[in-house]
>>> print(open('model_24.cif').read())   # mmCIF, C-alpha atoms
data_target
loop_
_atom_site.label_atom_id
_atom_site.label_comp_id
_atom_site.auth_asym_id
_atom_site.auth_seq_id
_atom_site.Cartn_x
_atom_site.Cartn_y
_atom_site.Cartn_z
CA MET Y 1 -28.82 9.44 -6.57
CA THR Y 2 -25.98 11.28 -4.87
CA TYR Y 3 -22.87 9.72 -3.40
CA TRP Y 4 -24.14 10.46 0.15
CA THR Y 5 -27.47 8.73 -0.51
CA LEU Y 6 -25.67 5.66 -1.79
CA ASN Y 7 -23.38 5.69 1.24
CA ALA Y 8 -26.35 5.97 3.58
CA PHE Y 9 -27.68 2.57 2.50
CA PHE Y 10 -24.36 0.87 3.11
CA LEU Y 11 -23.70 2.64 6.39
CA VAL Y 12 -27.13 1.56 7.65
CA ALA Y 13 -26.26 -2.04 6.75
CA VAL Y 14 -22.97 -1.68 8.63
CA ALA Y 15 -24.78 -0.25 11.66
CA GLY Y 16 -27.14 -3.24 11.55
CA VAL Y 17 -24.25 -5.71 11.77
CA ALA Y 18 -22.70 -3.67 14.59
CA VAL Y 19 -25.98 -3.77 16.53
CA LEU Y 20 -26.09 -7.57 16.13
CA ALA Y 21 -22.56 -7.81 17.52
CA ILE Y 22 -23.43 -5.54 20.46
CA GLN Y 23 -26.62 -7.45 21.23
CA ARG Y 24 -24.74 -10.71 21.24
CA ALA Y 25 -22.08 -9.33 23.56
CA TRP Y 26 -24.79 -8.16 25.96
CA ARG Y 27 -26.51 -11.51 25.90
CA LEU Y 28 -23.30 -13.39 26.60
CA GLY Y 29 -21.98 -10.92 29.14
CA ALA Y 30 -25.21 -10.08 30.94
CA ARG Y 31 -24.52 -12.11 34.05
CA GLY Y 32 -20.85 -12.46 33.50
CA THR Y 33 -19.51 -9.11 34.61
CA GLY Y 34 -17.38 -10.86 37.19
CA ALA Y 35 -16.08 -13.25 34.60
CA ARG Y 36 -15.36 -10.62 32.00
CA GLY Y 37 -11.80 -10.19 33.08
CA THR Y 38 -10.87 -13.80 32.78
CA GLY Y 39 -10.15 -13.69 29.13
CA SER Y 40 -13.02 -16.10 28.84
CA GLY Y 41 -11.17 -18.68 26.83
CA GLY Y 42 -10.58 -21.02 29.67
CA ALA Y 43 -6.98 -21.23 28.57
CA GLY Y 44 -6.16 -18.07 30.46
CA GLY Y 45 -5.55 -19.91 33.70
CA GLY Y 46 -3.01 -18.27 35.95
CA GLY Y 47 -3.95 -15.66 38.47
CA ALA Y 48 -7.02 -14.53 36.59
CA GLY Y 49 -8.59 -17.94 36.78
CA GLY Y 50 -8.03 -18.00 40.52
CA ALA Y 51 -9.91 -14.78 40.96
CA VAL Y 52 -13.15 -16.32 39.81
CA SER Y 53 -12.63 -19.93 40.78
CA GLY Y 54 -14.76 -19.47 43.88
CA ARG Y 55 -17.60 -17.97 41.92
CA ILE Y 56 -20.31 -19.70 40.10
CA VAL Y 57 -19.41 -19.01 36.54
CA SER Y 58 -22.27 -19.94 34.32
CA ALA Y 59 -21.16 -22.92 32.31
CA ARG Y 60 -23.45 -21.73 29.60
CA THR Y 61 -21.60 -18.42 29.39
CA VAL Y 62 -18.26 -20.13 29.21
CA ALA Y 63 -19.46 -22.57 26.60
CA ALA Y 64 -21.08 -19.82 24.56
CA ARG Y 65 -17.93 -17.76 24.67
CA THR Y 66 -15.77 -20.52 23.42
CA VAL Y 67 -17.91 -20.87 20.30
CA ALA Y 68 -18.73 -17.21 19.76
CA GLY Y 69 -15.96 -14.74 19.21
CA PRO Y 70 -15.04 -12.18 21.83
CA ALA Y 71 -17.04 -8.98 21.96
CA VAL Y 72 -16.03 -6.09 19.73
CA SER Y 73 -13.51 -3.86 21.46
CA TRP Y 74 -14.91 -0.43 20.63
CA PRO Y 75 -11.87 1.43 22.01
CA ALA Y 76 -9.75 -0.61 19.59
CA VAL Y 77 -12.18 0.30 16.81
CA GLY Y 78 -11.67 3.96 17.74
CA ILE Y 79 -7.89 3.70 17.49
CA THR Y 80 -8.19 1.84 14.19
CA ALA Y 81 -10.59 4.49 12.86
CA ALA Y 82 -8.20 7.32 13.76
CA LEU Y 83 -5.32 5.58 11.98
CA LEU Y 84 -7.35 4.57 8.92
CA LEU Y 85 -9.00 7.98 8.47
CA VAL Y 86 -5.62 9.70 8.44
CA MET Y 87 -4.29 7.13 5.96
CA THR Y 88 -7.40 7.56 3.80
CA ALA Y 89 -6.88 11.33 3.76
CA VAL Y 90 -3.30 10.87 2.60
CA PHE Y 91 -3.71 8.05 0.08
CA ASP Y 92 -7.09 9.04 -1.35
CA ASN Y 93 -5.60 12.43 -2.20
CA ILE Y 94 -2.67 10.72 -3.91
CA MET Y 95 -4.95 8.30 -5.80
CA ILE Y 96 -7.20 11.10 -7.04
CA GLY Y 97 -4.20 13.35 -7.69
CA VAL Y 98 -2.57 10.86 -10.06
CA GLY Y 99 -5.89 10.21 -11.77
CA LEU Y 100 -6.81 6.70 -10.64
CA VAL Y 101 -10.42 7.69 -10.11
CA GLY Y 102 -12.78 10.46 -11.16
CA TYR Y 103 -16.10 11.76 -9.81
CA ASP Y 104 -19.23 13.29 -11.28
CA GLU Y 105 -19.13 16.69 -9.63
CA THR Y 106 -22.90 17.04 -9.70
CA LEU Y 107 -23.35 13.92 -7.54
CA ILE Y 108 -20.90 14.71 -4.73
CA SER Y 109 -21.54 17.16 -1.92
CA GLY Y 110 -18.58 19.39 -2.64
CA ALA Y 111 -17.08 18.84 0.82
CA PHE Y 112 -13.46 17.82 0.40
CA ILE Y 113 -10.44 16.84 2.47
CA GLY Y 114 -7.82 18.21 0.13
CA ILE Y 115 -9.09 16.94 -3.21
CA ALA Y 116 -10.74 13.83 -1.75
CA PRO Y 117 -14.55 13.96 -1.51
CA LEU Y 118 -15.68 13.59 2.11
CA GLU Y 119 -17.98 10.80 0.92
CA ASP Y 120 -14.99 8.54 0.29
CA PHE Y 121 -14.35 8.37 4.04
CA ALA Y 122 -17.58 6.40 4.41
CA TYR Y 123 -15.68 3.37 3.08
CA THR Y 124 -13.17 3.71 5.92
CA VAL Y 125 -15.86 4.18 8.56
CA ALA Y 126 -17.70 1.14 7.19
CA ALA Y 127 -14.54 -1.00 7.22
CA VAL Y 128 -13.55 -0.24 10.80
CA VAL Y 129 -17.06 -0.96 12.12
CA LEU Y 130 -18.23 -3.79 9.85
CA LEU Y 131 -15.14 -6.01 9.87
CA PRO Y 132 -14.52 -6.17 13.65
CA SER Y 133 -18.27 -6.76 14.12
CA LEU Y 134 -18.21 -9.67 11.67
CA TRP Y 135 -15.08 -11.01 13.35
CA ALA Y 136 -16.85 -10.96 16.72
CA LEU Y 137 -20.00 -12.59 15.34
CA LEU Y 138 -18.21 -15.51 13.72
CA PRO Y 139 -17.50 -18.57 15.82
CA VAL Y 140 -13.91 -19.06 16.89
CA SER Y 141 -12.30 -21.99 15.07
CA SER Y 142 -11.22 -24.69 17.44
CA GLY Y 143 -7.49 -25.14 17.42
CA SER Y 144 -6.84 -21.61 16.18
CA ALA Y 145 -4.58 -19.22 18.06
CA SER Y 146 -7.75 -17.26 18.88
CA ALA Y 147 -9.26 -20.26 20.57
CA ARG Y 148 -6.20 -20.68 22.74
CA THR Y 149 -5.54 -17.12 23.80
CA ASP Y 150 -9.00 -15.78 23.01
CA SER Y 151 -9.82 -12.12 22.58
CA ALA Y 152 -6.46 -10.72 21.57
CA SER Y 153 -8.57 -7.83 20.47
CA ALA Y 154 -11.30 -7.70 23.03
CA SER Y 155 -12.00 -8.15 26.70
CA PRO Y 156 -9.12 -7.26 28.95
CA PRO Y 157 -7.24 -10.49 29.52
CA GLY Y 158 -6.31 -11.51 32.97
CA GLY Y 159 -2.59 -11.19 32.82
CA ASP Y 160 -0.48 -13.58 30.83
CA ALA Y 161 0.29 -12.30 27.38
CA MET A 1 4.18 1.68 -16.11
CA GLY A 2 0.76 0.06 -16.27
CA LEU A 3 1.76 -2.25 -13.45
CA LEU A 4 2.75 0.48 -11.02
CA TYR A 5 -0.48 0.70 -8.99
CA LEU A 6 -0.96 -3.06 -8.92
CA ALA A 7 2.66 -3.52 -7.82
CA ALA A 8 2.29 -0.93 -5.06
CA LEU A 9 -0.85 -2.65 -3.78
CA THR A 10 0.80 -6.08 -3.90
CA ILE A 11 3.80 -4.80 -1.93
CA ALA A 12 1.51 -3.23 0.68
CA LEU A 13 -0.51 -6.45 0.93
CA THR A 14 2.69 -8.42 1.37
CA GLY A 15 3.52 -6.10 4.26
CA MET A 16 0.14 -6.91 5.83
CA VAL A 17 0.83 -10.64 5.54
CA VAL A 18 4.29 -10.23 7.10
CA LEU A 19 2.88 -8.26 10.05
CA ASP A 20 0.01 -10.72 10.45
CA ARG A 21 2.41 -13.65 10.53
CA ARG A 22 4.89 -11.97 12.85
CA PHE A 23 2.30 -10.86 15.41
CA GLY A 24 -0.50 -13.40 14.84
CA LEU A 25 -3.08 -10.71 14.13
CA PHE A 26 -5.63 -11.97 11.61
CA PHE A 27 -5.14 -15.12 9.51
CA TRP A 28 -2.53 -16.28 12.00
CA ALA A 29 -5.03 -15.74 14.81
CA ASP A 30 -7.90 -17.63 13.16
CA ALA A 31 -7.51 -18.43 9.47
CA ARG A 32 -11.08 -19.55 8.84
CA ARG A 33 -12.65 -16.52 10.50
CA ALA A 34 -10.18 -14.20 8.78
CA ALA A 35 -11.00 -15.69 5.37
CA VAL A 36 -14.73 -15.15 5.89
CA VAL A 37 -14.23 -11.57 7.11
CA LEU A 38 -11.86 -10.70 4.26
CA VAL A 39 -14.02 -12.20 1.50
CA ALA A 40 -17.22 -10.70 2.95
CA GLY A 41 -15.52 -7.30 3.26
CA ILE A 42 -14.24 -7.32 -0.32
CA ALA A 43 -17.63 -8.45 -1.64
CA PHE A 44 -19.46 -5.77 0.37
CA PHE A 45 -17.23 -2.98 -0.95
CA LEU A 46 -17.34 -4.30 -4.51
CA VAL A 47 -21.14 -4.08 -4.47
CA TRP A 48 -20.79 -0.51 -3.15
CA ASP A 49 -18.34 0.25 -5.97
CA LEU A 50 -20.55 -1.31 -8.63
CA LEU A 51 -23.57 0.72 -7.52
CA GLY A 52 -21.48 3.91 -7.42
CA ILE A 53 -20.23 3.17 -10.93
CA GLY A 54 -23.71 2.20 -12.12
CA LEU A 55 -25.11 5.46 -10.80
CA GLY A 56 -22.34 7.39 -12.52
CA ILE A 57 -20.95 8.78 -9.24
CA PHE A 58 -17.34 7.71 -9.85
CA PHE A 59 -15.41 6.06 -12.64
CA ARG A 60 -12.00 4.76 -13.53
CA GLY A 61 -9.51 7.52 -14.19
CA GLU A 62 -7.56 7.84 -17.41
CA THR A 63 -4.11 6.98 -16.21
CA SER A 64 -1.07 5.06 -17.27
CA PHE A 65 -0.57 3.69 -13.75
CA MET A 66 -3.13 0.91 -14.16
CA THR A 67 -3.09 -2.26 -16.23
CA GLY A 68 -6.36 -1.43 -17.96
CA LEU A 69 -7.80 -4.81 -17.00
CA VAL A 70 -11.35 -4.45 -15.72
CA ILE A 71 -13.57 -6.98 -13.94
CA ALA A 72 -16.66 -4.93 -14.85
CA PRO A 73 -17.19 -1.70 -16.73
CA GLU A 74 -15.15 1.05 -15.01
CA LEU A 75 -14.05 -1.40 -12.28
CA PRO A 76 -10.32 -2.06 -12.60
CA ILE A 77 -8.76 -5.29 -11.34
CA GLU A 78 -6.67 -3.08 -9.05
CA GLU A 79 -9.77 -2.22 -7.03
CA VAL A 80 -10.03 -5.79 -5.73
CA PHE A 81 -6.47 -5.53 -4.42
CA PHE A 82 -7.19 -2.11 -2.96
CA LEU A 83 -10.24 -3.40 -1.10
CA ALA A 84 -8.31 -6.44 0.14
CA LEU A 85 -5.64 -4.06 1.46
CA LEU A 86 -8.25 -1.84 3.14
CA CYS A 87 -9.81 -4.85 4.88
CA TYR A 88 -6.53 -6.51 5.84
CA LEU A 89 -5.08 -3.26 7.19
CA THR A 90 -8.26 -2.62 9.18
CA MET A 91 -8.16 -6.02 10.85
CA ASN A 92 -4.42 -5.98 11.51
CA ALA A 93 -4.71 -2.53 13.08
CA TYR A 94 -7.77 -3.58 15.09
CA ALA A 95 -6.02 -6.64 16.52
CA ALA A 96 -2.87 -4.64 17.28
CA ALA A 97 -4.89 -1.86 18.96
CA GLY A 98 -6.82 -4.40 21.02
CA ARG A 99 -3.62 -6.02 22.19
CA MET A 100 -2.11 -2.67 23.06
CA LEU A 101 -5.15 -1.73 25.12
CA ALA A 102 -5.21 -5.11 26.83
CA ARG A 103 -1.62 -4.68 27.89
CA MET A 104 -2.11 -1.27 29.46
CA PRO A 105 -3.98 -2.28 32.64
CA ALA A 106 -1.53 -5.13 33.19
CA ASP A 107 1.33 -2.65 33.09
CA ARG A 108 -0.42 -0.41 35.56
CA ARG A 109 -1.02 -3.34 37.86
CA GLY A 110 2.61 -4.30 37.57
CA ALA A 111 3.73 -0.79 38.40
CA ALA A 112 1.44 -0.58 41.40
CA SER A 113 2.54 -3.80 43.06
#
>>> encode(input="model_24.cif", output="C-alpha cells")
Amino acid sequence: MTYWTLNAFFLVAVAGVAVLAIQRAWRLGARGTGARGTGSGGAGGGGAGGAVSGRIVSARTVAARTVAGPAVSWPAVGITAALLLVMTAVFDNIMIGVGLVGYDETLISGAFIGIAPLEDFAYTVAAVVLLPSLWALLPVSSGSASARTDSASASPPGGDA
Amino acid sequence: MGLLYLAALTIALTGMVVLDRRFGLFFWADARRAAVVLVAGIAFFLVWDLLGIGLGIFFRGETSFMTGLVIAPELPIEEVFFLALLCYLTMNAYAAAGRMLARMPADRRGAAS
C-alpha cells in the first residue's frame, strides 16, 4: 500500500468528523440566523443581547448551544491551515534533512516540497480539520472560560471582547 | 546530543503552554475539552504512524539527534512529543485566528460610527 492510499483512509475519517460538526451546526443554527450574532453564550449581554431581546429566541437553541460547542469557524481553519502548511514545509524539510525520518521511495508518489514528500502534508491537513471539528462537537464545560465568553473561535461575537 | 530533538520539542511545547495561558486559547479556554481533543489527536496520528511504519512506508532515521528510546518498533518517543506539538499548535492557532476574525467586524463597526 502506498503512502497516499494510507492517507486516504485517514483523510476520509477526518472528513467524516468534519461533516458531523457541520451537520450539528446546521441543526443548531437552522432557525437561529438572527441569533447567530449574539455570541450565543448568554453571557454576551451588552448591546448584542439588546438586538435580539425583542425576538423569540428559541430556548431550545440557546440551551443546546450552551451544552454544545460553538460551530467550527472555517475561515479560522483556513488561516490555521495556511500557517501550518508553511511551517510543515519548513520543519519537515529540516527533520528529513537531519535524518530523523526516512521513506521507502517505492511507496511515495515522488512529489516533493523540497525534500519533504507531499504526502506528509496530509497530517497537517488532517490536524487543522479534525481538531477544530472535535472541539466544536464536544460539550462546553460549565465554568470554563469557553462557557463564559463562548465561541472565542467561532461565531462573530456581538461586541465585548 | 541524543536529547537535542526531544529538548527542541519540549521547548516548543512550553512555548505553546505559555501562549495558551497568556491568551486563554486552549486548555485555558476549556481544560476538559482541550484534554480530550489533544489526547484524541495524538492517538489518531499515532495509529496513522504505526500503520505507515507497519506498511514500511517510513521509518526512524539513523541519527544522533534522538534518544533512541522507542515506544514501538521504529516509533521513537520523540514522535509523541512531535504530535502533541502539532495538535497544540493547531488549536492555539485556530483559537487565535478565530479571535482575530471576530474582532475585525467590531473594528469596522467602530470606525463607521
>>> atom_distance(input="model_24.cif", atom1="CA of Phe44 in chain A", atom2="CA of Ala122 in chain Y")
13.0 Å
>>> closest_atom_pairs(input="model_24.cif", of="chain Y", to="chain A", cutoff="8 Å", atoms="only C-alpha atoms", output="JSON lines")
{"residue": "Y:Met1", "atom": "CA", "partner": "A:Leu55", "partner_atom": "CA", "distance": 6.9}
{"residue": "Y:Thr2", "atom": "CA", "partner": "A:Ile57", "partner_atom": "CA", "distance": 7.1}
{"residue": "Y:Tyr3", "atom": "CA", "partner": "A:Ile57", "partner_atom": "CA", "distance": 6.2}
{"residue": "Y:Leu6", "atom": "CA", "partner": "A:Gly52", "partner_atom": "CA", "distance": 7.2}
{"residue": "Y:Phe10", "atom": "CA", "partner": "A:Trp48", "partner_atom": "CA", "distance": 7.3}
{"residue": "Y:Ser73", "atom": "CA", "partner": "A:Gly98", "partner_atom": "CA", "distance": 6.7}
{"residue": "Y:Pro75", "atom": "CA", "partner": "A:Gly98", "partner_atom": "CA", "distance": 7.8}
{"residue": "Y:Ala76", "atom": "CA", "partner": "A:Gly98", "partner_atom": "CA", "distance": 5.0}
{"residue": "Y:Val77", "atom": "CA", "partner": "A:Tyr94", "partner_atom": "CA", "distance": 6.1}
{"residue": "Y:Ile79", "atom": "CA", "partner": "A:Ala97", "partner_atom": "CA", "distance": 6.5}
{"residue": "Y:Thr80", "atom": "CA", "partner": "A:Tyr94", "partner_atom": "CA", "distance": 5.5}
{"residue": "Y:Leu84", "atom": "CA", "partner": "A:Thr90", "partner_atom": "CA", "distance": 7.3}
{"residue": "Y:Val98", "atom": "CA", "partner": "A:Thr63", "partner_atom": "CA", "distance": 7.4}
{"residue": "Y:Gly99", "atom": "CA", "partner": "A:Gly61", "partner_atom": "CA", "distance": 5.1}
{"residue": "Y:Leu100", "atom": "CA", "partner": "A:Gly61", "partner_atom": "CA", "distance": 4.5}
{"residue": "Y:Val101", "atom": "CA", "partner": "A:Gly61", "partner_atom": "CA", "distance": 4.2}
{"residue": "Y:Gly102", "atom": "CA", "partner": "A:Phe59", "partner_atom": "CA", "distance": 5.3}
{"residue": "Y:Tyr103", "atom": "CA", "partner": "A:Phe58", "partner_atom": "CA", "distance": 4.2}
{"residue": "Y:Asp104", "atom": "CA", "partner": "A:Ile57", "partner_atom": "CA", "distance": 5.2}
{"residue": "Y:Leu107", "atom": "CA", "partner": "A:Ile57", "partner_atom": "CA", "distance": 5.9}
{"residue": "Y:Ile108", "atom": "CA", "partner": "A:Ile57", "partner_atom": "CA", "distance": 7.5}
{"residue": "Y:Tyr123", "atom": "CA", "partner": "A:Phe45", "partner_atom": "CA", "distance": 7.7}
{"residue": "Y:Thr124", "atom": "CA", "partner": "A:Leu86", "partner_atom": "CA", "distance": 7.9}
{"residue": "Y:Ala127", "atom": "CA", "partner": "A:Cys87", "partner_atom": "CA", "distance": 6.5}
{"residue": "Y:Val128", "atom": "CA", "partner": "A:Thr90", "partner_atom": "CA", "distance": 6.0}
{"residue": "Y:Leu130", "atom": "CA", "partner": "A:Gly41", "partner_atom": "CA", "distance": 7.9}
{"residue": "Y:Leu131", "atom": "CA", "partner": "A:Val37", "partner_atom": "CA", "distance": 6.3}
{"residue": "Y:Pro132", "atom": "CA", "partner": "A:Met91", "partner_atom": "CA", "distance": 7.0}
{"residue": "Y:Leu134", "atom": "CA", "partner": "A:Val37", "partner_atom": "CA", "distance": 6.3}
{"residue": "Y:Trp135", "atom": "CA", "partner": "A:Val37", "partner_atom": "CA", "distance": 6.3}
{"residue": "Y:Leu138", "atom": "CA", "partner": "A:Arg33", "partner_atom": "CA", "distance": 6.5}
{"residue": "Y:Pro139", "atom": "CA", "partner": "A:Arg33", "partner_atom": "CA", "distance": 7.5}
{"residue": "Y:Val140", "atom": "CA", "partner": "A:Arg33", "partner_atom": "CA", "distance": 7.0}
{"residue": "Y:Ser141", "atom": "CA", "partner": "A:Asp30", "partner_atom": "CA", "distance": 6.5}
{"residue": "Y:Ser144", "atom": "CA", "partner": "A:Asp30", "partner_atom": "CA", "distance": 5.1}
{"residue": "Y:Ala145", "atom": "CA", "partner": "A:Ala29", "partner_atom": "CA", "distance": 4.8}
{"residue": "Y:Ser146", "atom": "CA", "partner": "A:Ala29", "partner_atom": "CA", "distance": 5.1}
{"residue": "Y:Ala147", "atom": "CA", "partner": "A:Asp30", "partner_atom": "CA", "distance": 8.0}
{"residue": "Y:Ala152", "atom": "CA", "partner": "A:Arg99", "partner_atom": "CA", "distance": 5.5}
{"residue": "Y:Ser153", "atom": "CA", "partner": "A:Gly98", "partner_atom": "CA", "distance": 3.9}
{"residue": "Y:Ala154", "atom": "CA", "partner": "A:Gly98", "partner_atom": "CA", "distance": 5.9}
{"residue": "Y:Ser155", "atom": "CA", "partner": "A:Ala102", "partner_atom": "CA", "distance": 7.4}
{"residue": "Y:Pro156", "atom": "CA", "partner": "A:Ala102", "partner_atom": "CA", "distance": 4.9}
{"residue": "Y:Pro157", "atom": "CA", "partner": "A:Ala102", "partner_atom": "CA", "distance": 6.3}
{"residue": "Y:Gly158", "atom": "CA", "partner": "A:Ala106", "partner_atom": "CA", "distance": 8.0}
{"residue": "Y:Gly159", "atom": "CA", "partner": "A:Ala106", "partner_atom": "CA", "distance": 6.2}
{"residue": "Y:Ala161", "atom": "CA", "partner": "A:Arg103", "partner_atom": "CA", "distance": 7.9}
>>> closest_residue(input="model_24.cif", among="Y:Trp4, Y:Met95, Y:Val72, Y:Ala13", to="Ala126 in chain Y", atoms="all atoms listed in the file")
Y:Ala13
>>> closest_residue(input="model_24.cif", among="A:Pro73, A:Leu3, A:Ala8, A:Ala43", to="Phe91 in chain Y", atoms="all atoms listed in the file")
A:Ala8
>>> atom_distance(input="model_24.cif", atom1="CA of Val129 in chain Y", atom2="CA of Leu83 in chain Y")
13.4 Å
>>> atom_distance(input="model_24.cif", atom1="CA of Asp92 in chain Y", atom2="CA of Gly114 in chain Y")
9.3 Å
>>> closest_residue(input="model_24.cif", among="Y:Trp26, Y:Thr88, Y:Pro70, Y:Val14", to="Glu119 in chain Y", atoms="all atoms listed in the file")
Y:Thr88
>>> closest_residue(input="model_24.cif", among="Y:Ala71, Y:Val86, Y:Ala15, Y:Asn93", to="Leu28 in chain Y", atoms="only C-alpha atoms")
Y:Ala71
>>> decode(input="model_24.cif", residues="range 8-83 of chain A", atoms="C-alpha atoms", output="PDB file, in the first residue's frame")
ATOM      1  CA  ALA A   8      13.689  21.220  20.982  1.00  0.00           C
ATOM      2  CA  LEU A   9      10.197  19.709  21.068  1.00  0.00           C
ATOM      3  CA  THR A  10       9.874  20.310  24.813  1.00  0.00           C
ATOM      4  CA  ILE A  11      10.896  23.954  24.415  1.00  0.00           C
ATOM      5  CA  ALA A  12       8.384  24.431  21.592  1.00  0.00           C
ATOM      6  CA  LEU A  13       5.653  22.766  23.666  1.00  0.00           C
ATOM      7  CA  THR A  14       6.492  25.031  26.580  1.00  0.00           C
ATOM      8  CA  GLY A  15       6.006  27.971  24.219  1.00  0.00           C
ATOM      9  CA  MET A  16       2.552  26.627  23.335  1.00  0.00           C
ATOM     10  CA  VAL A  17       1.623  26.395  27.022  1.00  0.00           C
ATOM     11  CA  VAL A  18       2.848  29.950  27.656  1.00  0.00           C
ATOM     12  CA  LEU A  19       0.811  31.333  24.746  1.00  0.00           C
ATOM     13  CA  ASP A  20      -2.229  29.292  25.776  1.00  0.00           C
ATOM     14  CA  ARG A  21      -2.023  30.611  29.322  1.00  0.00           C
ATOM     15  CA  ARG A  22      -1.395  34.198  28.293  1.00  0.00           C
ATOM     16  CA  PHE A  23      -4.247  34.373  25.781  1.00  0.00           C
ATOM     17  CA  GLY A  24      -6.621  31.682  27.106  1.00  0.00           C
ATOM     18  CA  LEU A  25      -6.599  29.754  23.840  1.00  0.00           C
ATOM     19  CA  PHE A  26      -6.967  26.035  24.505  1.00  0.00           C
ATOM     20  CA  PHE A  27      -6.552  24.462  27.957  1.00  0.00           C
ATOM     21  CA  TRP A  28      -7.118  27.872  29.497  1.00  0.00           C
ATOM     22  CA  ALA A  29     -10.330  28.204  27.483  1.00  0.00           C
ATOM     23  CA  ASP A  30     -11.742  24.794  28.412  1.00  0.00           C
ATOM     24  CA  ALA A  31      -9.334  22.335  30.031  1.00  0.00           C
ATOM     25  CA  ARG A  32     -11.551  19.273  29.802  1.00  0.00           C
ATOM     26  CA  ARG A  33     -12.381  19.769  26.135  1.00  0.00           C
ATOM     27  CA  ALA A  34      -8.755  20.570  25.339  1.00  0.00           C
ATOM     28  CA  ALA A  35      -7.561  17.388  27.062  1.00  0.00           C
ATOM     29  CA  VAL A  36      -9.973  15.249  25.035  1.00  0.00           C
ATOM     30  CA  VAL A  37      -9.014  16.945  21.754  1.00  0.00           C
ATOM     31  CA  LEU A  38      -5.278  16.681  22.454  1.00  0.00           C
ATOM     32  CA  VAL A  39      -5.354  13.032  23.538  1.00  0.00           C
ATOM     33  CA  ALA A  40      -7.664  12.048  20.662  1.00  0.00           C
ATOM     34  CA  GLY A  41      -5.433  13.901  18.190  1.00  0.00           C
ATOM     35  CA  ILE A  42      -2.240  12.256  19.430  1.00  0.00           C
ATOM     36  CA  ALA A  43      -3.882   8.813  19.417  1.00  0.00           C
ATOM     37  CA  PHE A  44      -5.251   9.334  15.894  1.00  0.00           C
ATOM     38  CA  PHE A  45      -1.844  10.325  14.500  1.00  0.00           C
ATOM     39  CA  LEU A  46      -0.054   7.543  16.370  1.00  0.00           C
ATOM     40  CA  VAL A  47      -2.309   4.974  14.699  1.00  0.00           C
ATOM     41  CA  TRP A  48      -1.519   6.638  11.352  1.00  0.00           C
ATOM     42  CA  ASP A  49       2.203   6.439  12.179  1.00  0.00           C
ATOM     43  CA  LEU A  50       2.008   2.815  13.277  1.00  0.00           C
ATOM     44  CA  LEU A  51       0.253   1.782  10.064  1.00  0.00           C
ATOM     45  CA  GLY A  52       2.776   3.732   7.976  1.00  0.00           C
ATOM     46  CA  ILE A  53       5.611   2.019   9.831  1.00  0.00           C
ATOM     47  CA  GLY A  54       3.884  -1.367   9.613  1.00  0.00           C
ATOM     48  CA  LEU A  55       3.487  -0.958   5.866  1.00  0.00           C
ATOM     49  CA  GLY A  56       7.135   0.003   5.548  1.00  0.00           C
ATOM     50  CA  ILE A  57       6.337   3.472   4.161  1.00  0.00           C
ATOM     51  CA  PHE A  58       8.508   5.397   6.634  1.00  0.00           C
ATOM     52  CA  PHE A  59      10.898   4.535   9.427  1.00  0.00           C
ATOM     53  CA  ARG A  60      13.041   6.090  12.090  1.00  0.00           C
ATOM     54  CA  GLY A  61      16.150   7.723  10.690  1.00  0.00           C
ATOM     55  CA  GLU A  62      19.648   6.836  11.810  1.00  0.00           C
ATOM     56  CA  THR A  63      20.591   9.965  13.659  1.00  0.00           C
ATOM     57  CA  SER A  64      22.368  11.055  16.778  1.00  0.00           C
ATOM     58  CA  PHE A  65      19.726  13.709  17.487  1.00  0.00           C
ATOM     59  CA  MET A  66      17.300  11.267  19.091  1.00  0.00           C
ATOM     60  CA  THR A  67      17.409   9.403  22.382  1.00  0.00           C
ATOM     61  CA  GLY A  68      16.928   6.027  20.727  1.00  0.00           C
ATOM     62  CA  LEU A  69      14.005   5.245  23.030  1.00  0.00           C
ATOM     63  CA  VAL A  70      11.128   3.744  21.076  1.00  0.00           C
ATOM     64  CA  ILE A  71       7.525   3.122  22.144  1.00  0.00           C
ATOM     65  CA  ALA A  72       7.094   0.614  19.299  1.00  0.00           C
ATOM     66  CA  PRO A  73       9.380  -0.646  16.562  1.00  0.00           C
ATOM     67  CA  GLU A  74      10.594   2.358  14.522  1.00  0.00           C
ATOM     68  CA  LEU A  75       8.404   4.721  16.595  1.00  0.00           C
ATOM     69  CA  PRO A  76      10.630   6.990  18.695  1.00  0.00           C
ATOM     70  CA  ILE A  77       9.400   8.522  21.945  1.00  0.00           C
ATOM     71  CA  GLU A  78      10.032  11.895  20.293  1.00  0.00           C
ATOM     72  CA  GLU A  79       7.132  11.291  17.914  1.00  0.00           C
ATOM     73  CA  VAL A  80       4.625  11.548  20.763  1.00  0.00           C
ATOM     74  CA  PHE A  81       6.013  14.973  21.634  1.00  0.00           C
ATOM     75  CA  PHE A  82       6.001  15.978  17.980  1.00  0.00           C
ATOM     76  CA  LEU A  83       2.341  15.008  17.595  1.00  0.00           C
TER      77      LEU A  83
END
